[in-house]
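S.K.: Submitted below is the structure of interest, expressed as structure tokens.
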Amino acid sequence: MSVTVRVPAKVNVQLAVGAARPDGFHDLANVFLAVGLYDEVTVTPADSLRITCSGPDAAQVPLDASNLAARAASALAARHGIAPDVHLHIDKDIPVAGALLACDALWGTGTPREDLLALCAELGSDVPFSLVGGAALGTGRGERLTPVEVGGTFHWVFAVADGGLSTPAVYREFDRLTAGARVPEPAASDALLDALRSGDPKALAASLSNDLQAPALALRPSLAATLAAGTEAGALAALVSGSGPTTAFLTEDAATAGRVAAALTASGTCRTARTAVSPVPGATVL
């Protein structure tokens, strides 16, 4: 027997970052949209915890106990007093919420949703949203979620860069760039929330923002060429998603998304570009 869970990717349509807290984290107002690009994790009973990975970035995924999906399985097993004896196969990335949901289904442990969300939050600030999906505002470190109303379908293109960009390094660069300045308390943009409710892509394009874009571009200036290529190809707006290095392009419709993706792929400024719609549901057992 095995259980496979599909986990959507996400785009941060607003990422407002506060000043560094005493614990080193930053308070955020992080508006997430789940998008129709998916990772999958399959769990199968095994003699011990084992991890395998396939996909274009498989070489960058750790296959030991430091792997976040493995940590998720171990955390859920510890909660229920059982051994995490599963083979976790990850297709492409590190779908942590998927590992929790898949192991819960495989073991029949019936963990309440609020407990799964608490485990997600322990594993990472962005992890709870992968379980919830749809659209939500994340506050605190991004782990406290409030659903956000969306009145239509938005069309996106995502450009995948070669190599990675360290999230802690991007936050350190944010701290360096804002040193000595007054950093406002992060708050969700009313204009952005109104645009999501209305389903109007032009209004959403006008209100997209990411406080980590400047530090990401400072650490990786080549992303500016990717953003420019997508805008020149007809995207309504372009931004670095989260801490990067993926860049996101909002388009008016599916046909434009296809043209922007083709132009980005041909531009040589990214490894690949893929179209997707949002919002979509969160982690789902297949």
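By convention in this document, the chains of the structure tokens carry letters A, B, ... by their order, each chain's residues are numbered from 1, and ligands are numbered from 1 in the order they are shown.
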Apply DSSP to the structure's backbone, then extract all residues of range 133-280 of chain A labelled strand (DSSP E) and return them as a VMD selection string.

M.R.: chain A and resid 135 to 139 144 to 147 154 to 160 209 to 210 237 to 240 247 to 251 272 to 278

S.K.: Which neighbours of Leu192 in chain A fall inside 7 Å, counting only C-alpha atoms, when residues of the same chain fewer than 5 positions from it are skipped, and could you give them as a list in words?

M.R.: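 So the residues in contact are Leu204, Ser207 and Leu208 of chain A.
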
S.K.: Mind checking which residues fall within 9 Å of Gly163 in chain A, counting only C-alpha atoms, ignoring those fewer than 2 positions away in the same chain, and posting them as a PyMOL selection string?

M.R.: chain A and resi 57+60+160-161+165+245

S.K.: Report as a short mmCIF file (atom, residue, chain, number, x, y, z; two decimals) with N, CA and C atoms, in the first residue's frame: the residues of range 88-203 of chain A with a DSSP assignment of helix (DSSP H, G or I), based on the backbone of this structure.

M.R.:
```cif
data_model
loop_
_atom_site.label_atom_id
_atom_site.label_comp_id
_atom_site.auth_asym_id
_atom_site.auth_seq_id
_atom_site.Cartn_x
_atom_site.Cartn_y
_atom_site.Cartn_z
N VAL A 96 6.49 19.42 2.19
CA VAL A 96 6.48 19.04 3.61
C VAL A 96 5.06 18.73 4.08
N ALA A 97 4.11 19.62 3.74
CA ALA A 97 2.72 19.38 4.14
C ALA A 97 2.22 18.08 3.52
N GLY A 98 2.69 17.78 2.31
CA GLY A 98 2.29 16.53 1.66
C GLY A 98 2.76 15.31 2.42
N ALA A 99 3.98 15.39 2.97
CA ALA A 99 4.49 14.26 3.76
C ALA A 99 3.64 14.04 4.99
N LEU A 100 3.24 15.13 5.65
CA LEU A 100 2.37 14.99 6.83
C LEU A 100 1.04 14.35 6.46
N LEU A 101 0.42 14.87 5.40
CA LEU A 101 -0.90 14.38 5.01
C LEU A 101 -0.83 12.93 4.55
N ALA A 102 0.21 12.59 3.78
CA ALA A 102 0.36 11.22 3.27
C ALA A 102 0.62 10.23 4.39
N CYS A 103 1.50 10.57 5.32
CA CYS A 103 1.78 9.66 6.44
C CYS A 103 0.56 9.50 7.33
N ASP A 104 -0.18 10.59 7.54
CA ASP A 104 -1.39 10.51 8.36
C ASP A 104 -2.39 9.55 7.72
N ALA A 105 -2.51 9.60 6.40
CA ALA A 105 -3.43 8.69 5.69
C ALA A 105 -2.92 7.26 5.72
N LEU A 106 -1.60 7.09 5.49
CA LEU A 106 -1.02 5.74 5.47
C LEU A 106 -1.15 5.06 6.83
N TRP A 107 -0.86 5.82 7.90
CA TRP A 107 -0.87 5.25 9.25
C TRP A 107 -2.27 5.21 9.86
N ARG A 113 -7.03 18.50 11.89
CA ARG A 113 -6.43 19.47 10.97
C ARG A 113 -5.63 20.54 11.71
N GLU A 114 -6.15 21.01 12.87
CA GLU A 114 -5.43 22.05 13.59
C GLU A 114 -4.09 21.53 14.12
N ASP A 115 -4.02 20.23 14.43
CA ASP A 115 -2.75 19.65 14.88
C ASP A 115 -1.77 19.54 13.71
N LEU A 116 -2.29 19.16 12.53
CA LEU A 116 -1.42 19.11 11.35
C LEU A 116 -0.88 20.51 11.04
N LEU A 117 -1.73 21.53 11.16
CA LEU A 117 -1.28 22.90 10.89
C LEU A 117 -0.22 23.33 11.91
N ALA A 118 -0.39 22.91 13.17
CA ALA A 118 0.61 23.24 14.19
C ALA A 118 1.95 22.58 13.87
N LEU A 119 1.91 21.31 13.42
CA LEU A 119 3.14 20.63 13.03
C LEU A 119 3.77 21.33 11.83
N CYS A 120 2.94 21.75 10.87
CA CYS A 120 3.44 22.49 9.71
C CYS A 120 4.19 23.75 10.15
N ALA A 121 3.60 24.49 11.08
CA ALA A 121 4.20 25.74 11.54
C ALA A 121 5.54 25.51 12.22
N GLU A 122 5.67 24.37 12.94
CA GLU A 122 6.95 24.04 13.58
C GLU A 122 8.03 23.77 12.54
N LEU A 123 7.63 23.25 11.37
CA LEU A 123 8.59 22.85 10.35
C LEU A 123 9.01 24.02 9.45
N VAL A 127 4.95 26.54 5.48
CA VAL A 127 4.43 25.18 5.32
C VAL A 127 2.92 25.09 5.54
N PRO A 128 2.34 25.77 6.57
CA PRO A 128 0.90 25.63 6.76
C PRO A 128 0.08 25.97 5.53
N PHE A 129 0.51 26.98 4.76
CA PHE A 129 -0.28 27.36 3.58
C PHE A 129 -0.33 26.24 2.55
N SER A 130 0.73 25.44 2.44
CA SER A 130 0.72 24.32 1.49
C SER A 130 -0.40 23.34 1.79
N LEU A 131 -0.74 23.22 3.08
CA LEU A 131 -1.83 22.33 3.49
C LEU A 131 -3.18 22.96 3.18
N VAL A 132 -3.29 24.26 3.39
CA VAL A 132 -4.57 24.96 3.26
C VAL A 132 -4.91 25.27 1.81
N THR A 167 17.21 31.72 1.46
CA THR A 167 16.23 32.59 2.12
C THR A 167 16.86 33.35 3.29
N PRO A 168 17.63 32.70 4.20
CA PRO A 168 18.27 33.47 5.27
C PRO A 168 19.18 34.58 4.75
N ALA A 169 19.87 34.32 3.64
CA ALA A 169 20.76 35.34 3.07
C ALA A 169 19.96 36.53 2.55
N VAL A 170 18.79 36.26 1.96
CA VAL A 170 17.95 37.35 1.46
C VAL A 170 17.44 38.20 2.62
N TYR A 171 17.03 37.55 3.71
CA TYR A 171 16.60 38.32 4.88
C TYR A 171 17.75 39.12 5.49
N ARG A 172 18.94 38.56 5.51
CA ARG A 172 20.10 39.32 6.01
C ARG A 172 20.35 40.54 5.14
N GLU A 173 20.19 40.37 3.83
CA GLU A 173 20.39 41.51 2.92
C GLU A 173 19.28 42.55 3.14
N PHE A 174 18.06 42.10 3.41
CA PHE A 174 16.97 43.03 3.75
C PHE A 174 17.36 43.85 4.99
N ASP A 175 17.88 43.17 6.01
CA ASP A 175 18.30 43.87 7.23
C ASP A 175 19.41 44.87 6.93
N ARG A 176 20.32 44.48 6.05
CA ARG A 176 21.44 45.39 5.70
C ARG A 176 20.91 46.62 4.96
N LEU A 177 20.01 46.39 4.01
CA LEU A 177 19.49 47.49 3.19
C LEU A 177 18.62 48.45 4.00
N ASP A 190 -5.02 46.97 1.40
CA ASP A 190 -6.45 46.96 1.08
C ASP A 190 -6.68 46.90 -0.42
N ALA A 191 -5.87 47.61 -1.18
CA ALA A 191 -6.01 47.61 -2.64
C ALA A 191 -5.80 46.21 -3.20
N LEU A 192 -4.80 45.51 -2.67
CA LEU A 192 -4.53 44.15 -3.14
C LEU A 192 -5.68 43.20 -2.77
N LEU A 193 -6.18 43.28 -1.55
CA LEU A 193 -7.29 42.42 -1.15
C LEU A 193 -8.54 42.72 -1.98
N ASP A 194 -8.77 44.00 -2.29
CA ASP A 194 -9.91 44.37 -3.14
C ASP A 194 -9.74 43.79 -4.55
N ALA A 195 -8.50 43.83 -5.06
CA ALA A 195 -8.23 43.30 -6.40
C ALA A 195 -8.47 41.79 -6.45
N LEU A 196 -8.07 41.09 -5.40
CA LEU A 196 -8.31 39.65 -5.35
C LEU A 196 -9.81 39.36 -5.31
N ARG A 197 -10.54 40.12 -4.48
CA ARG A 197 -11.99 39.92 -4.38
C ARG A 197 -12.69 40.16 -5.71
N SER A 198 -12.23 41.16 -6.45
CA SER A 198 -12.88 41.51 -7.70
C SER A 198 -12.50 40.58 -8.85
N PRO A 201 -7.41 41.24 -12.98
CA PRO A 201 -5.95 41.08 -13.06
C PRO A 201 -5.20 42.40 -13.16
N LYS A 202 -5.79 43.41 -13.81
CA LYS A 202 -5.08 44.69 -13.92
C LYS A 202 -4.97 45.37 -12.56
N ALA A 203 -6.05 45.28 -11.76
CA ALA A 203 -6.00 45.86 -10.42
C ALA A 203 -5.00 45.11 -9.55
#
```

S.K.: Excluding Leu15 in chain A and its own-chain neighbours fewer than 5 positions away, which residues fall within 10 Å of it when counting only C-alpha atoms? Please give them as a list in words.

M.R.: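 Everything that qualifies: Leu28, Ala29, Asn30, Val31, Phe32, Leu137, Gly138, Gly142, Pro186, Ala187, Ala188, Ser189, Leu208, Ser209, Asn210, Asp211, Leu212, Gln213, Ser241, Gly242 and Ser243 of chain A.
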
S.K.: When you count only C-alpha atoms, which of these residues is closest to Gly282 in chain A: A:Gly134, A:Arg50, A:Ala58, A:Asp64?

M.R.: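 Among the listed residues, A:Gly134 lies closest to Gly282 in chain A.
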
S.K.: Hey, what's within 7 Å of Ala136 in chain A if we count only C-alpha atoms and toss same-chain stuff fewer than 5 positions away? As number ranges by chain, please?

M.R.: A: 31-33, 145-148

S.K.: Residues of the last selection are to be written out with C-alpha atoms, as a PDB file, in the first residue's frame.

M.R.:
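The result, stored in result16.pdb:
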```pdb
ATOM      1  CA  VAL A  31      -0.617  37.111   0.981  1.00  0.00           C
ATOM      2  CA  PHE A  32      -0.351  33.658  -0.598  1.00  0.00           C
ATOM      3  CA  LEU A  33      -2.101  32.270  -3.663  1.00  0.00           C
ATOM      4  CA  LEU A 145      -3.376  32.081   8.281  1.00  0.00           C
ATOM      5  CA  THR A 146      -6.587  33.965   7.533  1.00  0.00           C
ATOM      6  CA  PRO A 147      -8.530  32.973   4.376  1.00  0.00           C
ATOM      7  CA  VAL A 148      -8.719  35.606   1.638  1.00  0.00           C
TER       8      VAL A 148
END
```

S.K.: List the spatial neighbours of range 222-236 of chain A as a ChimeraX atom specification - criterion: any atom at most 8 Å away, only C-alpha atoms, same-chain residues fewer than 5 positions off excluded.

M.R.: /A:159,201-202,205,217,245,247,249-252,256-257,259-261,263-264,267,269-270

S.K.: Go ahead and save the residues from that selection, with C-alpha atoms, as an mmCIF file, in the first residue's frame.

M.R.:
```
data_model
loop_
_atom_site.group_PDB
_atom_site.id
_atom_site.type_symbol
_atom_site.label_atom_id
_atom_site.label_comp_id
_atom_site.auth_asym_id
_atom_site.auth_seq_id
_atom_site.Cartn_x
_atom_site.Cartn_y
_atom_site.Cartn_z
ATOM 1 C CA ALA A 159 10.293 31.479 -14.583
ATOM 2 C CA PRO A 201 -5.947 41.079 -13.059
ATOM 3 C CA LYS A 202 -5.084 44.694 -13.921
ATOM 4 C CA ALA A 205 -1.017 43.836 -11.162
ATOM 5 C CA LEU A 217 18.029 41.401 -6.826
ATOM 6 C CA PRO A 245 14.940 32.935 -7.237
ATOM 7 C CA THR A 247 10.062 35.067 -10.737
ATOM 8 C CA PHE A 249 4.456 37.178 -14.101
ATOM 9 C CA LEU A 250 0.754 38.043 -13.962
ATOM 10 C CA THR A 251 -1.004 38.056 -17.333
ATOM 11 C CA GLU A 252 -4.436 39.076 -18.562
ATOM 12 C CA THR A 256 -1.022 35.849 -23.076
ATOM 13 C CA ALA A 257 0.472 33.559 -20.434
ATOM 14 C CA ARG A 259 3.146 33.840 -25.194
ATOM 15 C CA VAL A 260 4.999 35.217 -22.160
ATOM 16 C CA ALA A 261 6.214 31.721 -21.191
ATOM 17 C CA ALA A 263 9.286 34.468 -24.805
ATOM 18 C CA LEU A 264 10.871 33.880 -21.406
ATOM 19 C CA SER A 267 15.169 34.817 -23.819
ATOM 20 C CA THR A 269 17.287 34.528 -18.871
ATOM 21 C CA CYS A 270 15.816 31.484 -17.079
#
```

S.K.: Would you list the contacts of His26 in chain A as a ChimeraX atom specification, taking every protein, DNA or RNA residue within 8 Å and counting only C-alpha atoms, but skipping same-chain residues closer than 5 positions in sequence?

M.R.: /A:17-21,140-141

S.K.: Restricting the calculation to only C-alpha atoms, which member of A:Ala218, A:Ala206, A:Ala266, A:Val285 is positioned closest to Gly244 in chain A?

M.R.: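 When distances to Gly244 in chain A are compared using only C-alpha atoms, the smallest one comes from A:Ala218.
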